[in-house]
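Have a look at the structure below, then the notes.
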Amino acid sequence: MKFSWLQALPGRGSKSPAAPRRTVRLSFDLTPLEDRTVPTFLAASSYAVGFNPHGTVSGDFNADGKLDLAVVNTAAVSVLLGTGTGGFLPKIDSPAGPSAFDATAGDFNADGKLDLAVVGGGLVNLLMGSGDGTFTAPVTYAVGLGAHSIKAGDFNNDGKLDLATMNSGTATVLLGNGNGTFGPRLDAPITGSSTSTVVADFNRDGNLDLATSNTNSLGTVTILRGRGDGTFDPAASYYAYSAPVDLETGDFNGDGYPDLAAPNSYAADAMSVLLNNGDGTFAPPRTYAIPYSAFDIEVADFNGDGVPDLAEHGGVGYEVQLGKGDGSFYPTVLAAAPYGPSQMGAVGDFNGDGSADIAAPTNVGTVSVLMNAADDRANVAGAVGF
């Protein structure tokens, strides 16, 4: 609803009441309070995994139609098979190579069974799924030094899944052969100390691109535009406020172009959103205060309104910001959960109720699962714009 009125003001450059006056029209828009579904997360349930858990991946690893979890530990990956009701069976461990840190899932040999690629210590270890939650012995590929983030995607448009890792000073692509093996590595230089990467077609040219967060003093995110052959244009960096430690992508303003969100954990209790300009470049960050410094960010529609929301893992649990659909977000809703290591969570509908749940490893050798009830109706905010 728009209100407007005429207001007589002193003439320009004068503070005297007797000065000639000018009339201006003032207006403001009043957006009514909206009923929004505020997600209610139930008390966390914990499940034992291996020592020092890191990357967490959700997927159906035994092909029973129910989401499972794979949690990367120091030298193994622990699979928790889902019951479909929000619970998980005891862990099944498979070797994952030394210094395992992060993982991504995909059917790399096209046999209909979900596989894992695990990165750590400058190596990628391929674990072919057996279809029952177990995996074959790892096959190793060398990538760049300091590699600790990995994603799968078809970077050369041949219909076969490839792999991309972010290393110290480089990004590495391994082109898949479609049979579970990969070709020689392709390296691209990047700037900064990369900690997390996401895959999306940021300029909508049909080729997958990469984005990475840089936690050093640069305080930037770096974009590598894919050429469609496994190589990339020179890196372009965008300011992201301060030390973005994790990175996720989603269309936060509904324009059809992927945007970016990053928690600024090392330097400020803040979260930054970088909106896509519609050509693969990014606007200056919109920064939102959050109660606690965060090390992990997840994107999902947590309240079922069709708009992507954010959840950051801070000091007391997850800090959820509900999206407005215009690139901005409502104030934080807290969801208690045990504190865990950085950049490690996963989302999925673990009990089949249509709501996005959260799984996060902790620093005591467990993974905590927060089930989303998503049934608490409340007014979360109203906007008054002048």
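By convention here, the chains of the structure tokens are called A, B, ... in the order presented, each chain's residues are numbered starting at 1, and ligands are numbered starting at 1 in the order presented.
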Contact residues around stretch 269-281 of chain A with only C-alpha atoms at 8 Å, ignoring same-chain residues under 2 positions, as a count of residues only
31
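Here atom CA of A:Gly87 stands at a distance of 12.6 Å from atom CA of A:Ile358.
The neighbours of stretch 103-118 of chain A here are the residues that come within 6 Å of it, using only C-alpha atoms and leaving out any residue fewer than 4 positions away in the same chain; they are Gly55, Phe61, Val124, Asn125, Leu126, Leu127, Met128, Gly129, Gly131, Lys151, Gly178, Asn179 and Gly180 of chain A.
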Output N, CA and C atoms for every residue in the selection just made, as a PDB file, in the first residue's frame.
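Generated file (part.pdb):
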ATOM      1  N   GLY A  55      33.832 -33.565   5.704  1.00  0.00           N
ATOM      2  CA  GLY A  55      32.806 -33.402   4.694  1.00  0.00           C
ATOM      3  C   GLY A  55      31.657 -34.385   4.829  1.00  0.00           C
ATOM      4  N   PHE A  61      22.839 -44.359  -1.201  1.00  0.00           N
ATOM      5  CA  PHE A  61      23.988 -45.208  -1.483  1.00  0.00           C
ATOM      6  C   PHE A  61      23.657 -46.694  -1.558  1.00  0.00           C
ATOM      7  N   VAL A 124      42.961 -37.244  -4.922  1.00  0.00           N
ATOM      8  CA  VAL A 124      41.556 -37.615  -5.031  1.00  0.00           C
ATOM      9  C   VAL A 124      41.480 -39.125  -5.039  1.00  0.00           C
ATOM     10  N   ASN A 125      40.665 -39.675  -4.149  1.00  0.00           N
ATOM     11  CA  ASN A 125      40.463 -41.116  -4.086  1.00  0.00           C
ATOM     12  C   ASN A 125      39.058 -41.437  -4.563  1.00  0.00           C
ATOM     13  N   LEU A 126      38.964 -42.302  -5.605  1.00  0.00           N
ATOM     14  CA  LEU A 126      37.690 -42.718  -6.179  1.00  0.00           C
ATOM     15  C   LEU A 126      37.242 -44.015  -5.528  1.00  0.00           C
ATOM     16  N   LEU A 127      36.036 -43.995  -4.952  1.00  0.00           N
ATOM     17  CA  LEU A 127      35.451 -45.171  -4.326  1.00  0.00           C
ATOM     18  C   LEU A 127      34.198 -45.537  -5.107  1.00  0.00           C
ATOM     19  N   MET A 128      34.236 -46.654  -5.807  1.00  0.00           N
ATOM     20  CA  MET A 128      33.095 -47.088  -6.599  1.00  0.00           C
ATOM     21  C   MET A 128      32.065 -47.785  -5.705  1.00  0.00           C
ATOM     22  N   GLY A 129      30.823 -47.334  -5.790  1.00  0.00           N
ATOM     23  CA  GLY A 129      29.778 -47.882  -4.954  1.00  0.00           C
ATOM     24  C   GLY A 129      29.385 -49.289  -5.351  1.00  0.00           C
ATOM     25  N   GLY A 131      26.475 -50.503  -4.239  1.00  0.00           N
ATOM     26  CA  GLY A 131      25.025 -50.498  -4.248  1.00  0.00           C
ATOM     27  C   GLY A 131      24.399 -50.922  -2.934  1.00  0.00           C
ATOM     28  N   LYS A 151      34.092 -30.955  -6.115  1.00  0.00           N
ATOM     29  CA  LYS A 151      32.745 -30.975  -6.666  1.00  0.00           C
ATOM     30  C   LYS A 151      32.747 -31.749  -7.976  1.00  0.00           C
ATOM     31  N   GLY A 178      33.806 -41.777 -18.155  1.00  0.00           N
ATOM     32  CA  GLY A 178      32.501 -42.420 -18.134  1.00  0.00           C
ATOM     33  C   GLY A 178      32.509 -43.842 -17.622  1.00  0.00           C
ATOM     34  N   ASN A 179      33.701 -44.364 -17.327  1.00  0.00           N
ATOM     35  CA  ASN A 179      33.824 -45.748 -16.843  1.00  0.00           C
ATOM     36  C   ASN A 179      34.440 -45.818 -15.451  1.00  0.00           C
ATOM     37  N   GLY A 180      34.492 -44.674 -14.766  1.00  0.00           N
ATOM     38  CA  GLY A 180      35.076 -44.627 -13.434  1.00  0.00           C
ATOM     39  C   GLY A 180      36.530 -44.248 -13.421  1.00  0.00           C
TER      40      GLY A 180
END
A:Gly317, A:Gly206, A:Gly153, A:Pro308: which is nearest A:Val369, counting only C-alpha atoms?
A:Gly317
Students should find that atom CA of A:Asp357 and atom CA of A:Ala300 are spaced 9.0 Å
Can you list, as a list in words, every protein, DNA or RNA residue that comes within 8 Å of A:Ser46 when you count only C-alpha atoms, leaving out same-chain residues fewer than 5 positions away?
Thr366, Val367, Ser368 and Val369 of chain A
Selected residues written out with N, CA and C atoms, as a PDB file, in the first residue's frame:
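New file result27.pdb:
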ATOM      1  N   THR A 366      30.812 -37.558  15.936  1.00  0.00           N
ATOM      2  CA  THR A 366      29.424 -37.890  15.609  1.00  0.00           C
ATOM      3  C   THR A 366      28.924 -36.959  14.508  1.00  0.00           C
ATOM      4  N   VAL A 367      27.777 -37.324  13.935  1.00  0.00           N
ATOM      5  CA  VAL A 367      27.055 -36.425  13.044  1.00  0.00           C
ATOM      6  C   VAL A 367      25.690 -36.198  13.672  1.00  0.00           C
ATOM      7  N   SER A 368      25.269 -34.927  13.727  1.00  0.00           N
ATOM      8  CA  SER A 368      23.985 -34.564  14.313  1.00  0.00           C
ATOM      9  C   SER A 368      22.989 -34.275  13.201  1.00  0.00           C
ATOM     10  N   VAL A 369      21.779 -34.787  13.354  1.00  0.00           N
ATOM     11  CA  VAL A 369      20.727 -34.606  12.362  1.00  0.00           C
ATOM     12  C   VAL A 369      19.603 -33.790  12.997  1.00  0.00           C
TER      13      VAL A 369
END
Could you give me, as a count of residues only, each residue of stretch 70-229 of chain A that DSSP assigns to strand (DSSP E or B) when run on this structure's backbone?
86
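Atom CA of A:Thr134 lies 17.0 Å from atom CA of A:Ala48.
Remark: for A:Ser355, the closest of the candidate residues A:Ser196, A:Thr40, A:Asn177, A:Ser130 is A:Thr40 (distances computed over only C-alpha atoms).
With only C-alpha atoms as the atoms that count, the residue of A:Glu319, A:Asp229, A:Asp301, A:Asp154 with the shortest distance to A:Leu186 is A:Asp229.
With only C-alpha atoms taken into account, the protein and nucleic acid residues at most 8 Å from A:Arg227 (excluding it and anything under 3 positions from it in its own chain) are Asn156, Asn207, Gly230, Thr231, Phe232 and Asp233 of chain A.
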Using only C-alpha atoms, which residue out of A:Pro331, A:Gly159, A:Gly121, A:Pro244 lies closest to A:Ala142?
A:Gly121
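The closest residue to A:Tyr318, picked from A:Pro39, A:Thr56, A:Tyr330, A:Tyr47 and counting only C-alpha atoms, is A:Pro39.
For the choices A:Leu163, A:Leu80, A:Ala211, A:Lys91, the atom-to-atom distance to A:Thr249 is smallest for A:Ala211 when using only C-alpha atoms.
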I'd like the neighbourhood of A:Thr195 as a ChimeraX atom specification, where a residue qualifies if any of its atoms comes within 10 Å (using only C-alpha atoms), though same-chain residues fewer than 6 positions away should be ignored.
/A:146-149,166-168,212-216,244-247,342-343
Take the residues from that selection and put them in a file with N, CA, C and O atoms, as a PDB file, in the first residue's frame.
ATOM      1  N   GLY A 146      47.443 -29.019  -1.191  1.00  0.00           N
ATOM      2  CA  GLY A 146      46.474 -28.345  -0.348  1.00  0.00           C
ATOM      3  C   GLY A 146      45.033 -28.539  -0.769  1.00  0.00           C
ATOM      4  O   GLY A 146      44.149 -27.824  -0.281  1.00  0.00           O
ATOM      5  N   ALA A 147      44.766 -29.486  -1.659  1.00  0.00           N
ATOM      6  CA  ALA A 147      43.395 -29.701  -2.125  1.00  0.00           C
ATOM      7  C   ALA A 147      42.516 -30.173  -0.976  1.00  0.00           C
ATOM      8  O   ALA A 147      42.845 -31.134  -0.291  1.00  0.00           O
ATOM      9  N   HIS A 148      41.396 -29.489  -0.755  1.00  0.00           N
ATOM     10  CA  HIS A 148      40.501 -29.894   0.322  1.00  0.00           C
ATOM     11  C   HIS A 148      39.045 -29.575   0.027  1.00  0.00           C
ATOM     12  O   HIS A 148      38.207 -29.631   0.930  1.00  0.00           O
ATOM     13  N   SER A 149      38.715 -29.250  -1.216  1.00  0.00           N
ATOM     14  CA  SER A 149      37.326 -29.037  -1.611  1.00  0.00           C
ATOM     15  C   SER A 149      37.139 -29.675  -2.980  1.00  0.00           C
ATOM     16  O   SER A 149      37.981 -29.505  -3.868  1.00  0.00           O
ATOM     17  N   MET A 166      39.645 -27.570  -5.499  1.00  0.00           N
ATOM     18  CA  MET A 166      40.300 -26.301  -5.215  1.00  0.00           C
ATOM     19  C   MET A 166      41.507 -26.569  -4.333  1.00  0.00           C
ATOM     20  O   MET A 166      41.394 -27.202  -3.278  1.00  0.00           O
ATOM     21  N   ASN A 167      42.646 -26.061  -4.785  1.00  0.00           N
ATOM     22  CA  ASN A 167      43.914 -26.329  -4.137  1.00  0.00           C
ATOM     23  C   ASN A 167      44.518 -25.004  -3.666  1.00  0.00           C
ATOM     24  O   ASN A 167      43.853 -23.973  -3.675  1.00  0.00           O
ATOM     25  N   SER A 168      45.770 -25.044  -3.263  1.00  0.00           N
ATOM     26  CA  SER A 168      46.485 -23.822  -2.897  1.00  0.00           C
ATOM     27  C   SER A 168      47.019 -23.168  -4.163  1.00  0.00           C
ATOM     28  O   SER A 168      48.021 -23.596  -4.728  1.00  0.00           O
ATOM     29  N   THR A 212      34.911 -19.977  -5.884  1.00  0.00           N
ATOM     30  CA  THR A 212      35.608 -20.400  -4.678  1.00  0.00           C
ATOM     31  C   THR A 212      35.704 -19.242  -3.698  1.00  0.00           C
ATOM     32  O   THR A 212      35.776 -18.075  -4.106  1.00  0.00           O
ATOM     33  N   SER A 213      35.687 -19.566  -2.407  1.00  0.00           N
ATOM     34  CA  SER A 213      35.842 -18.550  -1.366  1.00  0.00           C
ATOM     35  C   SER A 213      37.300 -18.479  -0.947  1.00  0.00           C
ATOM     36  O   SER A 213      38.006 -19.494  -0.896  1.00  0.00           O
ATOM     37  N   ASN A 214      37.758 -17.267  -0.636  1.00  0.00           N
ATOM     38  CA  ASN A 214      39.149 -17.028  -0.240  1.00  0.00           C
ATOM     39  C   ASN A 214      39.167 -16.439   1.165  1.00  0.00           C
ATOM     40  O   ASN A 214      38.656 -15.341   1.385  1.00  0.00           O
ATOM     41  N   THR A 215      39.765 -17.159   2.109  1.00  0.00           N
ATOM     42  CA  THR A 215      39.690 -16.741   3.506  1.00  0.00           C
ATOM     43  C   THR A 215      40.839 -15.841   3.938  1.00  0.00           C
ATOM     44  O   THR A 215      40.883 -15.418   5.075  1.00  0.00           O
ATOM     45  N   ASN A 216      41.771 -15.552   3.045  1.00  0.00           N
ATOM     46  CA  ASN A 216      42.883 -14.706   3.469  1.00  0.00           C
ATOM     47  C   ASN A 216      42.454 -13.244   3.491  1.00  0.00           C
ATOM     48  O   ASN A 216      41.291 -12.904   3.381  1.00  0.00           O
ATOM     49  N   PRO A 244      35.571 -14.816   3.680  1.00  0.00           N
ATOM     50  CA  PRO A 244      34.512 -15.820   3.477  1.00  0.00           C
ATOM     51  C   PRO A 244      35.087 -17.227   3.556  1.00  0.00           C
ATOM     52  O   PRO A 244      35.961 -17.594   2.778  1.00  0.00           O
ATOM     53  N   VAL A 245      34.580 -18.023   4.486  1.00  0.00           N
ATOM     54  CA  VAL A 245      35.186 -19.333   4.724  1.00  0.00           C
ATOM     55  C   VAL A 245      34.453 -20.451   3.992  1.00  0.00           C
ATOM     56  O   VAL A 245      35.024 -21.495   3.706  1.00  0.00           O
ATOM     57  N   ASP A 246      33.190 -20.265   3.682  1.00  0.00           N
ATOM     58  CA  ASP A 246      32.415 -21.276   2.975  1.00  0.00           C
ATOM     59  C   ASP A 246      31.616 -20.566   1.895  1.00  0.00           C
ATOM     60  O   ASP A 246      31.500 -19.326   1.894  1.00  0.00           O
ATOM     61  N   LEU A 247      31.021 -21.335   0.986  1.00  0.00           N
ATOM     62  CA  LEU A 247      30.339 -20.727  -0.156  1.00  0.00           C
ATOM     63  C   LEU A 247      29.217 -21.643  -0.605  1.00  0.00           C
ATOM     64  O   LEU A 247      29.374 -22.862  -0.653  1.00  0.00           O
ATOM     65  N   SER A 342      34.234 -26.829  10.380  1.00  0.00           N
ATOM     66  CA  SER A 342      33.751 -25.895   9.365  1.00  0.00           C
ATOM     67  C   SER A 342      33.456 -26.566   8.024  1.00  0.00           C
ATOM     68  O   SER A 342      33.999 -27.623   7.703  1.00  0.00           O
ATOM     69  N   GLN A 343      32.577 -25.911   7.237  1.00  0.00           N
ATOM     70  CA  GLN A 343      32.332 -26.237   5.825  1.00  0.00           C
ATOM     71  C   GLN A 343      31.887 -27.685   5.595  1.00  0.00           C
ATOM     72  O   GLN A 343      32.261 -28.305   4.618  1.00  0.00           O
TER      73      GLN A 343
END
